[in-house]
>>> print(open('target-v1.cif').read())   # mmCIF, C-alpha atoms
data_input
loop_
_atom_site.label_atom_id
_atom_site.label_comp_id
_atom_site.auth_asym_id
_atom_site.auth_seq_id
_atom_site.Cartn_x
_atom_site.Cartn_y
_atom_site.Cartn_z
CA MET A 1 22.70 0.04 31.09
CA ALA A 2 19.59 0.08 28.90
CA GLY A 3 18.31 -3.30 27.71
CA ILE A 4 17.70 -1.88 24.21
CA PHE A 5 19.33 1.10 22.50
CA VAL A 6 17.54 2.58 19.47
CA ALA A 7 19.12 5.12 17.11
CA GLY A 8 17.51 7.13 14.35
CA GLU A 9 15.15 9.86 13.27
CA THR A 10 12.13 11.45 14.90
CA LEU A 11 9.93 13.54 12.62
CA VAL A 12 6.34 14.64 12.06
CA ASP A 13 3.94 12.68 9.86
CA PHE A 14 1.20 14.61 8.09
CA VAL A 15 -1.61 12.07 7.73
CA PRO A 16 -4.54 12.82 5.35
CA ASP A 17 -7.97 12.80 6.93
CA SER A 18 -9.77 11.53 3.82
CA GLY A 19 -9.55 11.24 0.05
CA GLU A 20 -7.98 8.76 -2.32
CA THR A 21 -5.56 11.25 -3.90
CA LEU A 22 -3.74 14.42 -2.84
CA ARG A 23 -6.21 16.56 -4.79
CA GLU A 24 -9.08 15.17 -2.71
CA VAL A 25 -7.47 15.72 0.71
CA ASP A 26 -9.11 18.53 2.67
CA SER A 27 -6.82 18.49 5.72
CA TYR A 28 -3.99 16.67 7.42
CA ALA A 29 -3.43 15.69 11.04
CA HIS A 30 0.13 16.01 12.33
CA ARG A 31 1.38 12.98 14.22
CA PRO A 32 4.76 12.09 15.76
CA GLY A 33 6.67 9.64 13.60
CA GLY A 34 9.94 8.36 12.23
CA ALA A 35 10.50 4.60 12.17
CA PRO A 36 13.13 4.44 14.97
CA ALA A 37 11.04 6.81 17.12
CA ASN A 38 7.98 4.64 16.59
CA VAL A 39 10.00 1.59 17.59
CA ALA A 40 11.38 3.30 20.69
CA VAL A 41 7.96 4.44 21.91
CA GLY A 42 6.49 1.06 20.98
CA LEU A 43 9.10 -0.71 23.09
CA ALA A 44 8.25 1.54 26.04
CA ARG A 45 4.55 0.71 25.71
CA LEU A 46 5.37 -2.98 25.52
CA GLY A 47 7.29 -2.88 28.79
CA SER A 48 10.84 -2.61 27.39
CA PRO A 49 11.70 1.12 27.59
CA PRO A 50 14.85 1.78 25.55
CA ALA A 51 17.53 4.42 25.41
CA PHE A 52 17.04 6.49 22.26
CA TRP A 53 19.58 8.54 20.30
CA THR A 54 17.79 11.02 18.08
CA ARG A 55 17.86 14.64 16.88
CA LEU A 56 15.07 17.22 17.18
CA GLY A 57 14.97 20.62 15.51
CA ASP A 58 14.72 23.79 17.58
CA ASP A 59 11.32 24.73 16.13
CA ALA A 60 7.76 24.24 17.42
CA PHE A 61 7.55 20.79 15.84
CA GLY A 62 10.74 19.85 17.67
CA ASP A 63 9.09 20.97 20.92
CA PHE A 64 6.06 18.83 20.05
CA LEU A 65 8.24 15.77 19.46
CA ALA A 66 10.27 16.35 22.64
CA GLU A 67 7.06 16.49 24.66
CA THR A 68 5.79 13.34 22.95
CA LEU A 69 8.96 11.37 23.78
CA ALA A 70 8.90 12.61 27.37
CA ALA A 71 5.25 11.59 27.74
CA ALA A 72 6.22 8.11 26.54
CA GLU A 73 8.90 8.03 29.28
CA ILE A 74 11.78 7.89 26.82
CA PRO A 75 14.89 9.11 28.68
CA GLU A 76 16.13 12.44 27.37
CA THR A 77 19.79 11.49 27.91
CA HIS A 78 20.48 11.02 24.18
CA VAL A 79 17.72 13.18 22.71
CA GLU A 80 19.61 16.05 21.04
CA ARG A 81 18.09 19.46 20.28
CA VAL A 82 19.79 21.00 17.26
CA GLU A 83 19.43 24.12 15.16
CA GLY A 84 17.16 23.62 12.18
CA LYS A 85 13.66 22.79 11.04
CA THR A 86 12.05 19.46 11.82
CA THR A 87 11.55 17.18 8.82
CA LEU A 88 7.91 16.67 7.82
CA ALA A 89 6.73 13.48 6.11
CA VAL A 90 3.51 13.87 4.12
CA VAL A 91 1.75 10.51 3.91
CA SER A 92 0.17 9.83 0.53
CA PRO A 93 -3.51 8.80 0.41
CA PRO A 94 -4.17 5.15 -0.56
CA GLY A 95 -5.05 6.01 -4.17
CA GLU A 96 -1.96 8.14 -4.83
CA GLY A 97 0.78 6.59 -6.93
CA GLY A 98 4.50 6.94 -6.26
CA PRO A 99 6.32 7.09 -2.90
CA ARG A 100 4.20 6.63 0.22
CA PHE A 101 6.05 9.46 2.01
CA SER A 102 7.17 12.84 0.71
CA PHE A 103 9.70 14.67 2.89
CA TYR A 104 9.95 18.41 3.57
CA GLY A 105 12.13 20.51 5.87
CA ASP A 106 15.75 20.62 7.01
CA ARG A 107 17.05 17.10 6.53
CA ASP A 108 20.35 17.99 8.20
CA ALA A 109 18.58 18.60 11.50
CA THR A 110 16.74 15.27 11.47
CA PHE A 111 19.11 12.89 9.69
CA GLY A 112 22.53 14.56 10.04
CA PHE A 113 23.80 12.64 13.06
CA ASP A 114 27.27 13.71 14.17
CA PRO A 115 29.74 10.80 13.92
CA ASP A 116 31.85 12.50 16.61
CA ALA A 117 28.90 12.49 19.01
CA VAL A 118 28.04 8.79 18.91
CA PRO A 119 27.06 7.92 22.52
CA THR A 120 29.31 4.88 22.84
CA GLU A 121 29.11 5.18 26.63
CA ALA A 122 25.50 4.02 26.43
CA LEU A 123 26.74 0.67 25.15
CA THR A 124 29.02 0.11 28.11
CA GLY A 125 26.86 1.48 30.92
CA ASP A 126 28.98 4.61 31.44
CA ASP A 127 26.33 7.16 30.44
CA GLY A 128 24.81 7.49 33.90
CA ALA A 129 21.38 6.34 32.70
CA ALA A 130 19.35 4.14 34.98
CA SER A 131 19.44 0.44 34.09
CA PRO A 132 16.29 -1.65 33.91
CA ALA A 133 15.96 -4.20 36.68
CA GLY A 134 18.12 -7.18 35.93
CA ALA A 135 19.80 -5.66 32.85
CA SER A 136 23.45 -6.70 32.95
CA ALA A 137 24.28 -7.89 29.42
CA PRO A 138 25.30 -5.42 26.70
CA PRO A 139 22.24 -3.68 25.27
CA TRP A 140 20.54 -4.73 22.08
CA VAL A 141 21.21 -2.02 19.46
CA HIS A 142 18.57 -1.26 16.82
CA LEU A 143 19.36 0.83 13.72
CA GLY A 144 17.15 2.32 11.01
CA GLY A 145 17.92 2.68 7.32
CA VAL A 146 16.72 6.24 6.71
CA ALA A 147 19.76 7.77 8.46
CA LEU A 148 21.90 6.09 5.79
CA THR A 149 20.44 8.42 3.16
CA HIS A 150 22.41 11.31 4.71
CA LEU A 151 26.20 11.69 4.47
CA ARG A 152 26.73 12.34 8.19
CA GLY A 153 24.02 9.87 9.10
CA ARG A 154 25.94 7.16 7.25
CA ALA A 155 29.17 7.98 9.05
CA ALA A 156 27.46 8.10 12.45
CA THR A 157 25.67 4.80 11.85
CA ARG A 158 28.97 3.20 10.88
CA GLU A 159 30.62 4.48 14.07
CA LEU A 160 27.74 3.29 16.23
CA ARG A 161 27.66 -0.10 14.53
CA SER A 162 31.40 -0.57 15.10
CA ALA A 163 31.09 0.47 18.74
CA ALA A 164 28.22 -1.96 19.24
CA THR A 165 30.23 -4.82 17.77
CA ALA A 166 33.20 -3.96 19.97
CA ALA A 167 30.96 -3.91 23.05
CA GLY A 168 29.43 -7.29 22.21
CA CYS A 169 25.95 -5.85 21.57
CA PRO A 170 23.43 -7.74 19.44
CA VAL A 171 22.52 -5.50 16.47
CA SER A 172 19.29 -5.38 14.49
CA PHE A 173 18.68 -3.30 11.37
CA ASP A 174 15.46 -2.21 9.68
CA VAL A 175 16.31 -1.53 6.02
CA ASN A 176 13.38 0.92 5.60
CA TYR A 177 15.05 2.58 2.59
CA ARG A 178 13.70 5.88 1.22
CA SER A 179 15.29 6.45 -2.19
CA ASP A 180 13.61 9.85 -2.66
CA LEU A 181 15.79 11.19 0.19
CA VAL A 182 18.97 10.31 -1.72
CA PRO A 183 20.47 12.73 -4.28
CA PRO A 184 21.37 10.84 -7.49
CA GLU A 185 25.08 11.55 -7.05
CA THR A 186 25.14 9.75 -3.67
CA ALA A 187 22.78 6.88 -4.49
CA GLU A 188 25.60 4.36 -4.87
CA ALA A 189 27.19 5.36 -1.56
CA ALA A 190 23.86 5.09 0.24
CA SER A 191 23.11 1.67 -1.27
CA THR A 192 26.58 0.46 -0.31
CA ALA A 193 26.04 1.67 3.26
CA VAL A 194 22.78 -0.30 3.46
CA ARG A 195 24.50 -3.44 2.17
CA GLU A 196 27.34 -3.03 4.69
CA THR A 197 24.91 -2.54 7.56
CA VAL A 198 22.96 -5.65 6.55
CA ALA A 199 26.22 -7.61 6.46
CA GLU A 200 27.33 -6.46 9.92
CA SER A 201 23.98 -6.82 11.71
CA GLY A 202 22.70 -9.96 13.40
CA VAL A 203 18.98 -9.51 12.72
CA VAL A 204 17.72 -7.74 9.58
CA LEU A 205 14.12 -6.68 8.97
CA CYS A 206 13.06 -5.90 5.42
CA SER A 207 10.13 -5.85 3.01
CA ASP A 208 10.54 -6.82 -0.64
CA GLU A 209 9.79 -3.20 -1.57
CA ASP A 210 12.59 -1.83 0.62
CA ALA A 211 15.03 -4.50 -0.56
CA ALA A 212 14.42 -3.56 -4.20
CA ALA A 213 14.64 0.19 -3.48
CA ALA A 214 18.00 -0.28 -1.73
CA GLY A 215 19.37 -2.45 -4.51
CA LEU A 216 19.69 -5.49 -2.25
CA SER A 217 17.45 -7.96 -4.07
CA THR A 218 14.41 -8.16 -6.32
CA SER A 219 13.26 -11.43 -4.76
CA GLU A 220 10.30 -11.94 -2.43
CA GLY A 221 9.51 -14.06 0.63
CA GLY A 222 11.86 -16.97 1.28
CA GLU A 223 14.05 -16.12 -1.72
CA LEU A 224 14.56 -12.62 -0.36
CA ALA A 225 15.43 -14.02 3.06
CA ARG A 226 18.04 -16.29 1.52
CA ASP A 227 19.50 -13.44 -0.56
CA LEU A 228 19.92 -11.29 2.55
CA LEU A 229 21.29 -14.13 4.68
CA ALA A 230 24.01 -14.58 2.06
CA LEU A 231 25.23 -11.07 2.89
CA GLY A 232 26.06 -11.97 6.49
CA PRO A 233 23.27 -11.61 9.11
CA HIS A 234 22.24 -14.69 11.06
CA THR A 235 18.51 -13.90 10.95
CA VAL A 236 16.33 -12.20 8.35
CA VAL A 237 12.71 -11.23 8.99
CA VAL A 238 10.72 -10.46 5.84
CA THR A 239 7.60 -8.42 6.59
CA LEU A 240 4.61 -9.29 4.40
CA GLY A 241 2.04 -6.64 5.33
CA ARG A 242 -1.38 -8.11 6.02
CA ASP A 243 0.03 -11.58 5.25
CA GLY A 244 2.22 -11.56 8.37
CA ALA A 245 5.95 -12.23 8.38
CA LEU A 246 8.60 -14.80 7.58
CA ALA A 247 11.78 -15.31 9.62
CA VAL A 248 14.72 -17.43 8.50
CA SER A 249 17.89 -17.98 10.54
CA THR A 250 21.20 -19.83 10.25
CA ASP A 251 23.19 -21.96 12.67
CA ASP A 252 24.92 -18.79 13.89
CA ALA A 253 21.68 -17.40 15.36
CA PRO A 254 21.10 -17.68 19.14
CA TRP A 255 17.92 -19.66 18.28
CA GLY A 256 19.70 -21.86 15.72
CA ALA A 257 18.80 -22.57 12.11
CA THR A 258 15.04 -22.39 11.66
CA THR A 259 12.25 -21.01 9.51
CA VAL A 260 9.17 -19.36 11.02
CA ARG A 261 6.11 -18.35 9.00
CA HIS A 262 3.29 -16.51 10.77
CA ASP A 263 0.22 -15.42 8.80
CA GLY A 264 -0.64 -12.50 11.05
CA PHE A 265 -4.04 -11.59 12.50
CA PRO A 266 -7.21 -10.28 10.84
CA ALA A 267 -7.59 -6.54 11.42
CA GLU A 268 -9.98 -3.78 10.39
CA ALA A 269 -7.38 -1.29 9.18
CA VAL A 270 -8.02 2.41 9.66
CA ASP A 271 -4.42 3.49 8.96
CA ALA A 272 -1.44 1.23 8.32
CA THR A 273 1.14 4.01 8.86
CA GLY A 274 3.73 2.63 11.27
CA ALA A 275 2.38 -0.94 11.30
CA GLY A 276 5.81 -2.23 10.33
CA ASP A 277 7.38 -0.26 13.19
CA ALA A 278 4.82 -1.72 15.60
CA PHE A 279 5.81 -5.17 14.36
CA THR A 280 9.49 -4.35 14.89
CA ALA A 281 8.86 -3.14 18.44
CA GLY A 282 6.92 -6.28 19.28
CA LEU A 283 9.54 -8.56 17.75
CA LEU A 284 12.50 -6.84 19.45
CA SER A 285 10.81 -6.73 22.85
CA ARG A 286 10.66 -10.52 22.75
CA LEU A 287 13.99 -11.27 21.08
CA ALA A 288 15.93 -9.01 23.44
CA GLY A 289 14.11 -10.53 26.41
CA SER A 290 14.86 -14.09 25.30
CA ALA A 291 18.52 -13.24 24.74
CA GLU A 292 18.80 -12.03 28.36
CA SER A 293 16.78 -14.84 29.96
CA GLU A 294 18.50 -17.54 31.98
CA SER A 295 17.17 -20.25 29.70
CA GLY A 296 18.56 -18.49 26.63
CA ALA A 297 16.99 -18.34 23.18
CA ASP A 298 15.75 -21.21 21.02
CA ALA A 299 13.67 -21.74 17.89
CA GLU A 300 10.45 -21.34 19.87
CA ALA A 301 11.66 -17.93 21.09
CA LEU A 302 11.89 -16.73 17.48
CA ARG A 303 8.46 -18.15 16.67
CA GLU A 304 6.93 -16.46 19.71
CA ALA A 305 8.62 -13.15 18.85
CA VAL A 306 7.27 -13.14 15.28
CA GLY A 307 3.75 -13.89 16.55
CA PHE A 308 4.01 -11.14 19.16
CA GLY A 309 5.20 -8.72 16.49
CA ASN A 310 2.29 -9.59 14.21
CA ALA A 311 -0.21 -9.13 17.05
CA THR A 312 1.30 -5.73 17.85
CA ALA A 313 1.04 -4.68 14.20
CA ALA A 314 -2.55 -5.91 13.88
CA LEU A 315 -3.66 -3.82 16.85
CA SER A 316 -1.74 -0.76 15.62
CA VAL A 317 -3.79 -0.29 12.44
CA ARG A 318 -7.01 0.43 14.34
CA SER A 319 -6.34 4.18 14.62
CA VAL A 320 -4.65 6.99 12.68
CA GLY A 321 -0.91 7.61 13.00
CA GLY A 322 2.08 5.39 13.58
CA MET A 323 3.38 6.15 17.05
CA GLY A 324 0.09 6.89 18.76
CA SER A 325 -1.53 3.67 17.62
CA ILE A 326 0.99 1.22 19.09
CA PRO A 327 -0.78 -0.91 21.73
CA SER A 328 0.26 -1.83 25.25
CA ARG A 329 1.76 -5.17 26.20
CA GLU A 330 -1.47 -6.11 27.97
CA GLU A 331 -3.49 -5.48 24.79
CA VAL A 332 -1.14 -7.62 22.73
CA GLU A 333 -1.18 -10.44 25.26
CA ALA A 334 -4.99 -10.32 25.35
CA LEU A 335 -5.16 -10.71 21.55
CA LEU A 336 -2.74 -13.63 21.63
CA ALA A 337 -4.75 -15.28 24.40
CA GLU A 338 -7.92 -14.98 22.28
CA ARG A 339 -6.20 -16.77 19.41
CA GLU A 340 -4.82 -19.68 21.40
#
>>> encode(input="target-v1.cif", output="structure tokens")
Amino acid sequence: MAGIFVAGETLVDFVPDSGETLREVDSYAHRPGGAPANVAVGLARLGSPPAFWTRLGDDAFGDFLAETLAAAEIPETHVERVEGKTTLAVVSPPGEGGPRFSFYGDRDATFGFDPDAVPTEALTGDDGAASPAGASAPPWVHLGGVALTHLRGRAATRELRSAATAAGCPVSFDVNYRSDLVPPETAEAASTAVRETVAESGVVLCSDEDAAAAGLSTSEGGELARDLLALGPHTVVVTLGRDGALAVSTDDAPWGATTVRHDGFPAEAVDATGAGDAFTAGLLSRLAGSAESESGADAEALREAVGFGNATAALSVRSVGGMGSIPSREEVEALLAERE
């Protein structure tokens, strides 16, 4: 059984090479992306290779993404190839107003997960996939919010979430809401699905921007954490960009009731695309490991996980692209050692 199971989209980011606005951009570089895909590859680089349920179109970009996942040693067991065009996410230059990502392509292929094809066997060890050494507990399941913008994606996420709960899997959820992917007539349903997923997850990651976009809260920092905790999760991690992250948990958390504030690490940022996903990968690699350790989890485990996530994010902004910039575990540990 895999120690961590990630579910969600894989797509192609078009990253501008220069210019403050779209009119000034001369060319774009295509990079593999999608928040759950970034997290999955990040976990593999950090020494915690996950199982990954995703969908790839049958076009050349789908081939590119399949090769990228294979090169990262992501098992292909739950990587589906489907008919349709791969979704493209054009990243806005820093001076451009409005949404940071604009999406193009066949959204059904990328986000339209089939609720009848949820790989529940991966949560019980019956999928035939090799298990990491020592992995015996139910896998940690990580979900992304973008799939909830699609009708079938919502249904599939609900099925997977229910199966994870039934199998005793810890569940984490990255809100990561993209309102421009939601038709106005389904906005309420999508927002409700986000709220339900927050309520039924153990660990929730969110920025104040995503919380406001999803209609969860207009608060920031500790107030936002408290608003989200009131919905049901035992731990909320509020990402604060260059200012680090804040984690707040209740008595129901494996690490108990605690508050952790980490200011992050100074970094010369070349491209912040995917920095939040790098943080998530770093955090989950430590939280899942502490949950499976013989000594169990405690407040220090949460503090260490937030620091590890911040170090991973700080190193990830040194180069262009989200997935390709995520560092190795050795690089993260070296940075942490320098700061001790």
>>> atom_distance(input="target-v1.cif", atom1="atom CA of A:Gly3", atom2="atom CA of A:Ala163")
16.1 Å
>>> atom_distance(input="target-v1.cif", atom1="atom CA of A:Val90", atom2="atom CA of A:Val306")
29.5 Å
>>> atom_distance(input="target-v1.cif", atom1="atom CA of A:Ala225", atom2="atom CA of A:Gly34")
24.8 Å
>>> resolve_selection(input="target-v1.cif", expression="the PyMOL selection byres ((chain A and resi 298) around 7)", output="list in words")
Pro254, Trp255, Gly256, Gly296, Ala297, Ala299, Glu300, Ala301 and Leu302 of chain A
>>> resolve_selection(input="target-v1.cif", expression="the PyMOL selection byres ((chain A and resi 152-159) around 6)", output="ChimeraX atom specification")
/A:111-115,147-148,150-151,160-162
>>> residues_around(input="target-v1.cif", residues="A:Asn38", least_positions_apart="2", cutoff="8 Å", atoms="only C-alpha atoms", output="PDB file with C-alpha atoms, in the coordinates of the input")
ATOM      1  CA  GLY A  33       6.670   9.640  13.600  1.00  0.00           C
ATOM      2  CA  GLY A  34       9.940   8.360  12.230  1.00  0.00           C
ATOM      3  CA  ALA A  35      10.500   4.600  12.170  1.00  0.00           C
ATOM      4  CA  PRO A  36      13.130   4.440  14.970  1.00  0.00           C
ATOM      5  CA  ALA A  40      11.380   3.300  20.690  1.00  0.00           C
ATOM      6  CA  VAL A  41       7.960   4.440  21.910  1.00  0.00           C
ATOM      7  CA  GLY A  42       6.490   1.060  20.980  1.00  0.00           C
ATOM      8  CA  GLY A 274       3.730   2.630  11.270  1.00  0.00           C
ATOM      9  CA  ASP A 277       7.380  -0.260  13.190  1.00  0.00           C
ATOM     10  CA  ALA A 278       4.820  -1.720  15.600  1.00  0.00           C
ATOM     11  CA  GLY A 322       2.080   5.390  13.580  1.00  0.00           C
ATOM     12  CA  MET A 323       3.380   6.150  17.050  1.00  0.00           C
TER      13      MET A 323
END
>>> closest_atom_pairs(input="target-v1.cif", of="stretch 239-266 of chain A", to="stretch 203-224 of chain A", cutoff="8 Å", atoms="all atoms listed in the file", output="CSV")
residue,atom,partner,partner_atom,distance
A:Thr239,CA,A:Ser207,CA,5.1
A:Leu240,CA,A:Ser207,CA,6.7
A:Leu246,CA,A:Gly221,CA,7.0
A:Val248,CA,A:Gly222,CA,7.8
>>> closest_residue(input="target-v1.cif", among="A:Gly324, A:Gly8, A:Val118, A:Ala314", to="A:Thr68", atoms="only C-alpha atoms")
A:Gly324
>>> resolve_selection(input="target-v1.cif", expression="the PyMOL selection byres ((chain A and resi 57) around 12)", output="PyMOL selection string")
chain A and resi 9-12+54-56+58-66+79-88+105-112
>>> closest_residue(input="target-v1.cif", among="A:Val320, A:Leu229, A:Val270, A:Ala72", to="A:Arg31", atoms="only C-alpha atoms")
A:Val320
>>> closest_residue(input="target-v1.cif", among="A:Glu185, A:Glu338, A:Glu73, A:Glu333", to="A:Ala44", atoms="all atoms listed in the file")
A:Glu73
>>> residues_around(input="target-v1.cif", residues="A:Ala199", least_positions_apart="5", cutoff="8 Å", atoms="only C-alpha atoms", output="list of chain:residue names")
A:Leu231, A:Gly232, A:Pro233
>>> residues_around(input="target-v1.cif", residues="A:Arg45", least_positions_apart="5", cutoff="7 Å", atoms="all atoms listed in the file", output="list in words")
Pro327, Ser328 and Arg329 of chain A
>>> closest_residue(input="target-v1.cif", among="A:Ser290, A:Thr273, A:Thr235, A:Thr124", to="A:Ala313", atoms="all atoms listed in the file")
A:Thr273
>>> closest_residue(input="target-v1.cif", among="A:Thr250, A:Ser316, A:Thr259, A:Thr192", to="A:Asp271", atoms="only C-alpha atoms")
A:Ser316
>>> axis_aligned_box(input="target-v1.cif", around="stretch 13-16 of chain A", padding_each_side="3 Å", output="AutoDock Vina command-line options")
--center_x -0.3 --center_y 13.3 --center_z 7.6 --size_x 14.5 --size_y 8.5 --size_z 10.5
>>> build_atoms(input="target-v1.cif", residues="stretch 27-43 of chain A", atoms="N, CA and C atoms", output="compact mmCIF listing (two decimals), in the frame of the given file")
# COMPACT_ATOMS: atom_id res chain seq x y z
N SER A 27 -7.68 18.09 4.61
CA SER A 27 -6.82 18.49 5.72
C SER A 27 -5.95 17.32 6.15
N TYR A 28 -4.92 17.67 6.90
CA TYR A 28 -3.99 16.67 7.42
C TYR A 28 -3.92 16.80 8.94
N ALA A 29 -3.70 15.68 9.61
CA ALA A 29 -3.43 15.69 11.04
C ALA A 29 -1.94 15.45 11.24
N HIS A 30 -1.30 16.24 12.09
CA HIS A 30 0.13 16.01 12.33
C HIS A 30 0.29 15.03 13.49
N ARG A 31 1.15 14.04 13.26
CA ARG A 31 1.38 12.98 14.22
C ARG A 31 2.88 12.76 14.39
N PRO A 32 3.34 12.40 15.59
CA PRO A 32 4.76 12.09 15.76
C PRO A 32 5.10 10.83 14.98
N GLY A 33 6.29 10.80 14.39
CA GLY A 33 6.67 9.64 13.60
C GLY A 33 8.17 9.50 13.45
N GLY A 34 8.55 8.77 12.41
CA GLY A 34 9.94 8.36 12.23
C GLY A 34 10.05 6.92 12.70
N ALA A 35 10.51 6.02 11.83
CA ALA A 35 10.50 4.60 12.17
C ALA A 35 11.22 4.29 13.48
N PRO A 36 12.47 4.76 13.70
CA PRO A 36 13.13 4.44 14.97
C PRO A 36 12.38 5.01 16.18
N ALA A 37 11.81 6.22 16.02
CA ALA A 37 11.04 6.81 17.12
C ALA A 37 9.81 5.97 17.42
N ASN A 38 9.13 5.51 16.38
CA ASN A 38 7.98 4.64 16.59
C ASN A 38 8.38 3.36 17.33
N VAL A 39 9.52 2.80 16.93
CA VAL A 39 10.00 1.59 17.59
C VAL A 39 10.33 1.85 19.05
N ALA A 40 11.00 2.97 19.31
CA ALA A 40 11.38 3.30 20.69
C ALA A 40 10.16 3.47 21.58
N VAL A 41 9.17 4.23 21.12
CA VAL A 41 7.96 4.44 21.91
C VAL A 41 7.18 3.13 22.02
N GLY A 42 7.16 2.36 20.93
CA GLY A 42 6.49 1.06 20.98
C GLY A 42 7.10 0.14 22.02
N LEU A 43 8.43 0.11 22.09
CA LEU A 43 9.10 -0.71 23.09
C LEU A 43 8.72 -0.28 24.51
